[in-house]
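So this one's data-v2.cif, mmCIF, C-alpha atoms:
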```cif
data_entry
#
loop_
_atom_site.group_PDB
_atom_site.id
_atom_site.type_symbol
_atom_site.label_atom_id
_atom_site.label_comp_id
_atom_site.auth_asym_id
_atom_site.auth_seq_id
_atom_site.Cartn_x
_atom_site.Cartn_y
_atom_site.Cartn_z
ATOM 1 C CA PRO A 1071 0.000 0.000 0.000
ATOM 2 C CA GLY A 1072 1.113 3.553 -0.644
ATOM 3 C CA ASP A 1073 0.865 6.763 1.325
ATOM 4 C CA GLY A 1074 -2.915 6.993 0.795
ATOM 5 C CA THR A 1075 -3.647 3.750 2.649
ATOM 6 C CA SER A 1076 -1.324 4.678 5.526
ATOM 7 C CA THR A 1077 -2.889 8.129 5.854
ATOM 8 C CA GLU A 1078 -6.422 6.712 5.745
ATOM 9 C CA THR A 1079 -5.556 4.188 8.457
ATOM 10 C CA GLN A 1080 -4.063 6.833 10.733
ATOM 11 C CA THR A 1081 -7.067 9.125 10.179
ATOM 12 C CA ALA A 1082 -9.483 6.297 10.956
ATOM 13 C CA CYS A 1083 -7.589 5.529 14.181
ATOM 14 C CA ARG A 1084 -7.719 9.159 15.286
ATOM 15 C CA GLU A 1085 -11.442 9.359 14.518
ATOM 16 C CA ALA A 1086 -12.033 6.172 16.516
ATOM 17 C CA VAL A 1087 -10.213 7.688 19.497
ATOM 18 C CA VAL A 1088 -12.337 10.843 19.338
ATOM 19 C CA ARG A 1089 -15.555 8.811 19.113
ATOM 20 C CA ALA A 1090 -14.542 6.589 22.037
ATOM 21 C CA GLU A 1091 -13.549 9.510 24.252
ATOM 22 C CA THR A 1092 -16.815 11.320 23.414
ATOM 23 C CA LEU A 1093 -18.817 8.188 24.213
ATOM 24 C CA ALA A 1094 -16.969 7.757 27.514
ATOM 25 C CA GLU A 1095 -17.704 11.346 28.479
ATOM 26 C CA GLN A 1096 -21.399 10.992 27.575
ATOM 27 C CA THR A 1097 -21.647 7.750 29.544
ATOM 28 C CA MET A 1098 -20.154 9.361 32.639
ATOM 29 C CA GLN A 1099 -22.543 12.308 32.367
ATOM 30 C CA ALA A 1100 -25.523 9.985 31.924
ATOM 31 C CA LYS A 1101 -24.638 8.248 35.178
ATOM 32 C CA GLY A 1102 -24.672 11.566 36.949
ATOM 33 C CA GLN A 1103 -20.990 11.541 37.847
ATOM 34 C CA GLN A 1104 -19.510 14.888 38.699
ATOM 35 C CA ALA A 1105 -16.128 16.144 37.581
ATOM 36 C CA GLY A 1106 -13.452 14.680 39.791
ATOM 37 C CA ASP A 1107 -15.488 11.626 40.835
ATOM 38 C CA GLN A 1108 -14.154 9.390 38.097
ATOM 39 C CA SER A 1109 -10.598 8.145 38.298
ATOM 40 C CA GLY A 1110 -8.289 9.476 35.598
ATOM 41 C CA LEU A 1111 -7.277 5.881 34.924
ATOM 42 C CA PHE A 1112 -10.389 5.317 32.807
ATOM 43 C CA GLY A 1113 -9.615 8.128 30.374
ATOM 44 C CA THR A 1114 -5.964 7.128 30.260
ATOM 45 C CA TYR A 1115 -6.814 3.488 29.596
ATOM 46 C CA THR A 1116 -9.285 4.368 26.836
ATOM 47 C CA HIS A 1117 -6.781 6.607 25.094
ATOM 48 C CA LYS A 1118 -3.931 4.109 25.364
ATOM 49 C CA SER A 1119 -6.085 1.177 24.264
ATOM 50 C CA LEU A 1120 -7.409 2.846 21.124
ATOM 51 C CA GLU A 1121 -4.305 4.793 20.195
ATOM 52 C CA PRO A 1122 -1.535 2.348 21.196
ATOM 53 C CA GLU A 1123 2.184 2.907 21.094
ATOM 54 C CA VAL A 1124 2.482 1.072 17.770
ATOM 55 C CA HIS A 1125 1.163 4.145 15.952
ATOM 56 C CA TRP A 1126 4.549 5.808 15.743
ATOM 57 C CA THR A 1127 6.180 2.538 14.727
ATOM 58 C CA ASP A 1128 3.633 2.025 11.940
ATOM 59 C CA HIS A 1129 4.375 5.548 10.714
ATOM 60 C CA LEU A 1130 8.098 4.791 10.769
ATOM 61 C CA TRP A 1131 7.628 1.525 8.856
ATOM 62 C CA SER A 1132 5.451 3.233 6.259
ATOM 63 C CA GLU A 1133 8.043 5.931 5.628
ATOM 64 C CA VAL A 1134 10.897 3.422 5.405
ATOM 65 C CA GLN A 1135 8.940 1.228 3.009
ATOM 66 C CA ASN A 1136 8.342 4.202 0.719
ATOM 67 C CA LEU A 1137 12.069 4.947 0.631
ATOM 68 C CA VAL A 1138 13.401 1.425 0.051
ATOM 69 C CA PRO A 1139 13.410 0.418 -3.637
ATOM 70 C CA GLY A 1140 11.615 -2.783 -4.606
ATOM 71 C CA SER A 1141 9.806 -3.188 -1.283
ATOM 72 C CA GLU A 1142 6.574 -4.654 -2.663
ATOM 73 C CA TRP A 1143 4.454 -6.493 -0.113
ATOM 74 C CA GLN A 1144 3.619 -10.207 -0.393
ATOM 75 C CA TRP A 1145 1.293 -12.452 1.630
ATOM 76 C CA LEU A 1146 3.487 -15.578 1.624
ATOM 77 C CA PRO A 1147 5.401 -15.754 3.823
ATOM 78 C CA PRO A 1148 3.528 -13.458 6.237
ATOM 79 C CA SER A 1149 5.181 -10.777 8.351
ATOM 80 C CA LYS A 1150 6.836 -12.365 11.403
ATOM 81 C CA ARG A 1151 6.642 -9.016 13.183
ATOM 82 C CA HIS A 1152 2.828 -9.015 13.060
ATOM 83 C CA LEU A 1153 2.420 -12.758 13.636
ATOM 84 C CA ALA A 1154 3.788 -12.186 17.146
ATOM 85 C CA ASN A 1155 0.617 -10.139 17.768
ATOM 86 C CA ASP A 1156 -1.673 -12.768 16.174
ATOM 87 C CA ALA A 1157 -2.093 -10.640 13.042
ATOM 88 C CA TYR A 1158 -1.635 -12.099 9.549
ATOM 89 C CA MET A 1159 -0.050 -9.302 7.521
ATOM 90 C CA PRO A 1160 1.998 -9.212 4.289
ATOM 91 C CA SER A 1161 5.791 -9.186 4.327
ATOM 92 C CA VAL A 1162 8.486 -7.746 2.089
ATOM 93 C CA PRO A 1163 10.496 -10.242 -0.003
ATOM 94 C CA PRO A 1164 14.151 -10.148 1.073
ATOM 95 C CA GLU A 1165 16.661 -8.809 -1.404
ATOM 96 C CA PRO A 1166 20.339 -8.781 -0.342
ATOM 97 C CA GLY A 1167 21.989 -5.392 -0.255
ATOM 98 C CA MET A 1168 18.679 -3.585 -0.399
ATOM 99 C CA GLY A 1169 19.518 -0.795 1.995
ATOM 100 C CA HIS A 1170 21.924 1.074 4.202
ATOM 101 C CA PHE A 1171 20.487 3.168 7.013
ATOM 102 C CA ALA A 1172 22.230 5.860 9.027
ATOM 103 C CA CYS A 1173 21.018 6.327 12.583
ATOM 104 C CA LEU A 1174 21.710 9.445 14.641
ATOM 105 C CA MET A 1175 21.221 8.955 18.383
ATOM 106 C CA ASP A 1176 20.962 12.159 20.399
ATOM 107 C CA ALA A 1177 23.202 11.539 23.426
ATOM 108 C CA SER A 1178 21.631 14.271 25.551
ATOM 109 C CA GLY A 1179 20.225 12.967 28.827
ATOM 110 C CA SER A 1180 16.579 13.498 27.853
ATOM 111 C CA VAL A 1181 16.894 10.923 25.065
ATOM 112 C CA SER A 1182 19.460 8.361 26.170
ATOM 113 C CA CYS A 1183 18.699 8.131 29.906
ATOM 114 C CA ASP A 1184 15.596 5.916 29.558
ATOM 115 C CA PRO A 1185 16.588 2.255 29.077
ATOM 116 C CA ASN A 1186 13.032 1.178 28.205
ATOM 117 C CA GLN A 1187 12.731 3.690 25.396
ATOM 118 C CA MET A 1188 16.201 2.863 24.105
ATOM 119 C CA ASP A 1189 15.126 -0.780 23.974
ATOM 120 C CA ARG A 1190 12.010 0.206 21.999
ATOM 121 C CA TYR A 1191 14.136 2.145 19.515
ATOM 122 C CA ALA A 1192 16.577 -0.756 19.221
ATOM 123 C CA SER A 1193 13.723 -3.207 18.614
ATOM 124 C CA GLU A 1194 12.259 -1.118 15.796
ATOM 125 C CA LEU A 1195 15.643 -0.569 14.164
ATOM 126 C CA GLU A 1196 16.375 -4.285 14.392
ATOM 127 C CA ASN A 1197 13.018 -5.190 12.838
ATOM 128 C CA ILE A 1198 13.431 -2.693 10.012
ATOM 129 C CA THR A 1199 16.954 -3.748 9.068
ATOM 130 C CA SER A 1200 15.929 -7.407 9.259
ATOM 131 C CA THR A 1201 12.857 -6.924 7.082
ATOM 132 C CA PHE A 1202 14.690 -4.725 4.585
ATOM 133 C CA PRO A 1203 18.094 -6.494 4.584
ATOM 134 C CA SER A 1204 20.631 -3.782 5.160
ATOM 135 C CA ARG A 1205 23.357 -2.536 7.429
ATOM 136 C CA LEU A 1206 22.921 0.089 10.096
ATOM 137 C CA THR A 1207 25.516 2.748 10.831
ATOM 138 C CA ILE A 1208 24.890 4.396 14.197
ATOM 139 C CA GLY A 1209 26.332 7.735 15.245
ATOM 140 C CA TYR A 1210 25.954 8.827 18.870
ATOM 141 C CA HIS A 1211 26.301 12.580 19.172
ATOM 142 C CA ASP A 1212 25.874 15.819 21.032
ATOM 143 C CA THR A 1213 27.222 18.664 18.882
ATOM 144 C CA GLN A 1214 29.653 16.207 17.248
ATOM 145 C CA ILE A 1215 29.739 12.466 16.601
ATOM 146 C CA ILE A 1216 31.192 10.953 19.779
ATOM 147 C CA ALA A 1217 30.893 7.239 18.894
ATOM 148 C CA GLU A 1218 30.257 5.176 15.759
ATOM 149 C CA ARG A 1219 28.889 1.647 15.483
ATOM 150 C CA GLU A 1220 28.074 -0.722 12.611
ATOM 151 C CA TRP A 1221 25.353 -3.358 12.923
ATOM 152 C CA THR A 1222 23.645 -5.994 10.764
ATOM 153 C CA ALA A 1223 21.104 -8.680 11.651
ATOM 154 C CA GLU A 1224 23.917 -11.258 11.639
ATOM 155 C CA ASP A 1225 25.447 -9.522 14.675
ATOM 156 C CA GLY A 1226 22.606 -10.666 16.938
ATOM 157 C CA PRO A 1227 20.276 -8.469 19.013
ATOM 158 C CA LEU A 1228 20.852 -4.726 18.695
ATOM 159 C CA HIS A 1229 21.692 -2.932 21.929
ATOM 160 C CA LEU A 1230 21.797 0.869 21.865
ATOM 161 C CA GLU A 1231 24.322 2.350 24.231
ATOM 162 C CA MET A 1232 23.217 4.847 26.845
ATOM 163 C CA LEU A 1233 25.875 7.442 26.192
ATOM 164 C CA GLN A 1234 25.171 10.815 27.769
ATOM 165 C CA ALA A 1235 26.744 14.072 26.702
ATOM 166 C CA GLY A 1236 25.964 17.781 26.619
ATOM 167 C CA GLY A 1237 23.894 20.054 24.388
ATOM 168 C CA THR A 1238 22.728 19.005 20.943
ATOM 169 C CA CYS A 1239 23.462 20.270 17.442
ATOM 170 C CA HIS A 1240 22.711 18.360 14.225
ATOM 171 C CA VAL A 1241 24.925 20.293 11.827
ATOM 172 C CA GLN A 1242 28.034 18.094 12.030
ATOM 173 C CA PRO A 1243 26.193 14.798 12.742
ATOM 174 C CA LEU A 1244 24.032 15.177 9.615
ATOM 175 C CA ALA A 1245 27.103 16.017 7.531
ATOM 176 C CA TRP A 1246 28.729 12.856 8.896
ATOM 177 C CA ALA A 1247 25.662 10.752 8.032
ATOM 178 C CA GLU A 1248 25.554 12.192 4.519
ATOM 179 C CA SER A 1249 29.197 11.277 3.925
ATOM 180 C CA LEU A 1250 28.723 7.613 4.868
ATOM 181 C CA GLY A 1251 29.336 5.117 2.112
ATOM 182 C CA GLU A 1252 30.936 7.610 -0.274
ATOM 183 C CA GLU A 1253 34.057 5.480 -0.751
ATOM 184 C CA GLU A 1254 32.047 2.276 -1.268
ATOM 185 C CA ASP A 1255 29.357 4.089 -3.300
ATOM 186 C CA ASP A 1256 26.810 2.894 -0.750
ATOM 187 C CA PRO A 1257 25.123 6.019 0.658
ATOM 188 C CA PRO A 1258 22.388 5.578 3.262
ATOM 189 C CA THR A 1259 18.867 5.030 2.003
ATOM 190 C CA ALA A 1260 17.685 7.296 4.805
ATOM 191 C CA ILE A 1261 18.853 9.002 7.993
ATOM 192 C CA LEU A 1262 16.870 8.059 11.101
ATOM 193 C CA ALA A 1263 17.395 10.773 13.719
ATOM 194 C CA PHE A 1264 16.252 10.062 17.282
ATOM 195 C CA THR A 1265 16.195 13.319 19.259
ATOM 196 C CA ASP A 1266 14.134 15.428 21.663
ATOM 197 C CA GLY A 1267 13.994 18.243 19.109
ATOM 198 C CA TYR A 1268 15.908 20.745 21.243
ATOM 199 C CA THR A 1269 18.784 21.175 18.856
ATOM 200 C CA THR A 1270 20.311 23.328 16.119
ATOM 201 C CA TYR A 1271 19.561 22.323 12.544
ATOM 202 C CA PRO A 1272 21.658 23.014 9.453
ATOM 203 C CA LYS A 1273 20.175 25.596 7.112
ATOM 204 C CA LYS A 1274 20.432 23.267 4.119
ATOM 205 C CA GLU A 1275 18.435 20.058 4.036
ATOM 206 C CA PRO A 1276 20.563 16.969 3.225
ATOM 207 C CA ASP A 1277 20.103 15.246 -0.114
ATOM 208 C CA ILE A 1278 19.355 12.032 1.782
ATOM 209 C CA PRO A 1279 15.820 11.752 3.269
ATOM 210 C CA VAL A 1280 15.734 12.397 7.023
ATOM 211 C CA LEU A 1281 13.170 10.822 9.358
ATOM 212 C CA TRP A 1282 12.971 12.592 12.722
ATOM 213 C CA ILE A 1283 11.700 10.523 15.664
ATOM 214 C CA ILE A 1284 10.661 13.124 18.251
ATOM 215 C CA PRO A 1285 8.341 13.104 21.303
ATOM 216 C CA GLU A 1286 4.923 14.695 20.918
ATOM 217 C CA GLY A 1287 4.835 18.365 21.861
ATOM 218 C CA ASN A 1288 8.552 18.959 21.321
ATOM 219 C CA PRO A 1289 9.940 21.369 18.689
ATOM 220 C CA ALA A 1290 9.757 20.202 15.085
ATOM 221 C CA PRO A 1291 12.621 20.541 12.582
ATOM 222 C CA PRO A 1292 12.262 22.950 9.631
ATOM 223 C CA TRP A 1293 12.377 20.086 7.115
ATOM 224 C CA GLY A 1294 12.305 16.315 6.859
ATOM 225 C CA THR A 1295 9.611 13.867 7.960
ATOM 226 C CA VAL A 1296 8.606 14.027 11.628
ATOM 227 C CA ILE A 1297 7.442 10.884 13.434
ATOM 228 C CA ARG A 1298 5.901 11.709 16.796
ATOM 229 C CA VAL A 1299 6.314 9.359 19.751
ATOM 230 C CA PRO A 1300 3.436 9.688 22.263
ATOM 231 C CA VAL A 1301 4.514 10.919 25.679
ATOM 232 C CA TYR A 1302 2.979 7.870 27.371
ATOM 233 C CA ASP A 1303 5.308 5.670 25.318
ATOM 234 C CA TYR A 1304 8.247 7.104 27.247
ATOM 235 C CA ALA A 1305 6.614 6.347 30.572
ATOM 236 C CA GLN A 1306 6.319 2.605 29.964
#
```
Written as structure tokens, that's how I'd like the structure from this file.
Amino acid sequence: PGDGTSTETQTACREAVVRAETLAEQTMQAKGQQAGDQSGLFGTYTHKSLEPEVHWTDHLWSEVQNLVPGSEWQWLPPSKRHLANDAYMPSVPPEPGMGHFACLMDASGSVSCDPNQMDRYASELENITSTFPSRLTIGYHDTQIIAEREWTAEDGPLHLEMLQAGGTCHVQPLAWAESLGEEEDDPPTAILAFTDGYTTYPKKEPDIPVLWIIPEGNPAPPWGTVIRVPVYDYAQ
């Protein structure tokens, strides 16, 4: 499916959330409950149940699929990622050497200090690079690249390091990501930038597509594709 299907699905999910929250509010009013009598857990549970944390991951997968050449979906074999959730969904046929992804990990404390969220990021990166056979080049950074790592599915489970540094600037890190693979003529298919959004951006947008993974409510970059991670996702 293309962008239209993904957009329609996301819109339908949002509309379902609005309808459910409206129904919950009407039900509470019908029972004569006053404001403050109902535990906030009900509203929180409704919102989290109908707009689960997978929303940002689905957005990420959709964007990656659109960028990877030859990533047509097929029903046999099915997607192992979705089978784990008892859902029979199409998969992408493997093609060796299909992609090379650059990953920028913001090493400021607000991003790298949460081990649960780092594990979530690692899991999604591992699934993507396994589904779209490719290598992952990771750059941990503050204002400069402070550590580099290479990873492929053959290396076993991906573990993101919890490196913590100072303030953030994406000027040099993006230049570094753009230069990857120049000698081997294997530039990244995309740059996946995990950050809190409190950073300095270069004035010129890179020639390579950039996907920003940023918490909801935080500043958005002036260009690129923004993928919002719900705040409750960080609290889990």
>> Under the rule that all atoms listed in the file are counted, which of A:Leu1137, A:Ile1198, A:Leu1250, A:Leu1174 is the nearest residue to A:Ala1223?
In response: A:Ile1198
> Quick one, how far is atom CA of A:Gly1267 from atom CA of A:Glu1196?
Replying inline: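 Answer for the atom CA of A:Gly1267 to atom CA of A:Glu1196 separation: 23.1 Å.
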> Could you write out as a ChimeraX atom specification the residues that the PyMOL selection byres ((chain A and resi 1282) around 12) matches in the shown file?
Replying inline: /A:1126,1129-1130,1133-1134,1173-1176,1240,1244,1260-1267,1271,1279-1281,1283-1286,1288-1299
>> Can you pull out the residues contacting A:Pro1243? Cut-off 9 Å, using all atoms listed in the file, and skip same-chain residues under 4 positions away; I want them as a PyMOL selection string.
In response: chain A and resi 1174+1209-1215+1239+1247-1248
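The gap separating atom CA of A:Leu1206 from atom CA of A:Thr1222 is 6.2 Å, in Å to one decimal.
Between atom CA of A:Pro1276 and atom CA of A:Pro1258 the interatomic distance comes to 11.5 Å.
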> Which polymer residues, protein or nucleic acid, are no farther than 8 Å from (14.6, 2.4, 2.1), counting all atoms listed in the file, as a list of chain:residue names?
Replying inline: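 The residues near that point, listed by chain and number, are A:Val1134, A:Gln1135, A:Asn1136, A:Leu1137, A:Val1138, A:Pro1139, A:Met1168, A:Gly1169, A:His1170, A:Phe1171, A:Phe1202, A:Thr1259, A:Ala1260.
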Please, could you write that set of residues out with C-alpha atoms as an mmCIF file, in the frame of the given file?
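The file below, result.cif, is the result:
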```cif
data_model
loop_
_atom_site.group_PDB
_atom_site.id
_atom_site.type_symbol
_atom_site.label_atom_id
_atom_site.label_comp_id
_atom_site.auth_asym_id
_atom_site.auth_seq_id
_atom_site.Cartn_x
_atom_site.Cartn_y
_atom_site.Cartn_z
ATOM 1 C CA VAL A 1134 10.897 3.422 5.405
ATOM 2 C CA GLN A 1135 8.940 1.228 3.009
ATOM 3 C CA ASN A 1136 8.342 4.202 0.719
ATOM 4 C CA LEU A 1137 12.069 4.947 0.631
ATOM 5 C CA VAL A 1138 13.401 1.425 0.051
ATOM 6 C CA PRO A 1139 13.410 0.418 -3.637
ATOM 7 C CA MET A 1168 18.679 -3.585 -0.399
ATOM 8 C CA GLY A 1169 19.518 -0.795 1.995
ATOM 9 C CA HIS A 1170 21.924 1.074 4.202
ATOM 10 C CA PHE A 1171 20.487 3.168 7.013
ATOM 11 C CA PHE A 1202 14.690 -4.725 4.585
ATOM 12 C CA THR A 1259 18.867 5.030 2.003
ATOM 13 C CA ALA A 1260 17.685 7.296 4.805
#
```
Find the axis-aligned box for stretch 1230-1237 of chain A, covering all its listed atoms and adding 6 Å on each side, and write its centre and edge lengths in Å to one decimal as JSON.
```
{"center_x": 24.3, "center_y": 10.5, "center_z": 24.8, "size_x": 16.9, "size_y": 31.2, "size_z": 17.9}
```
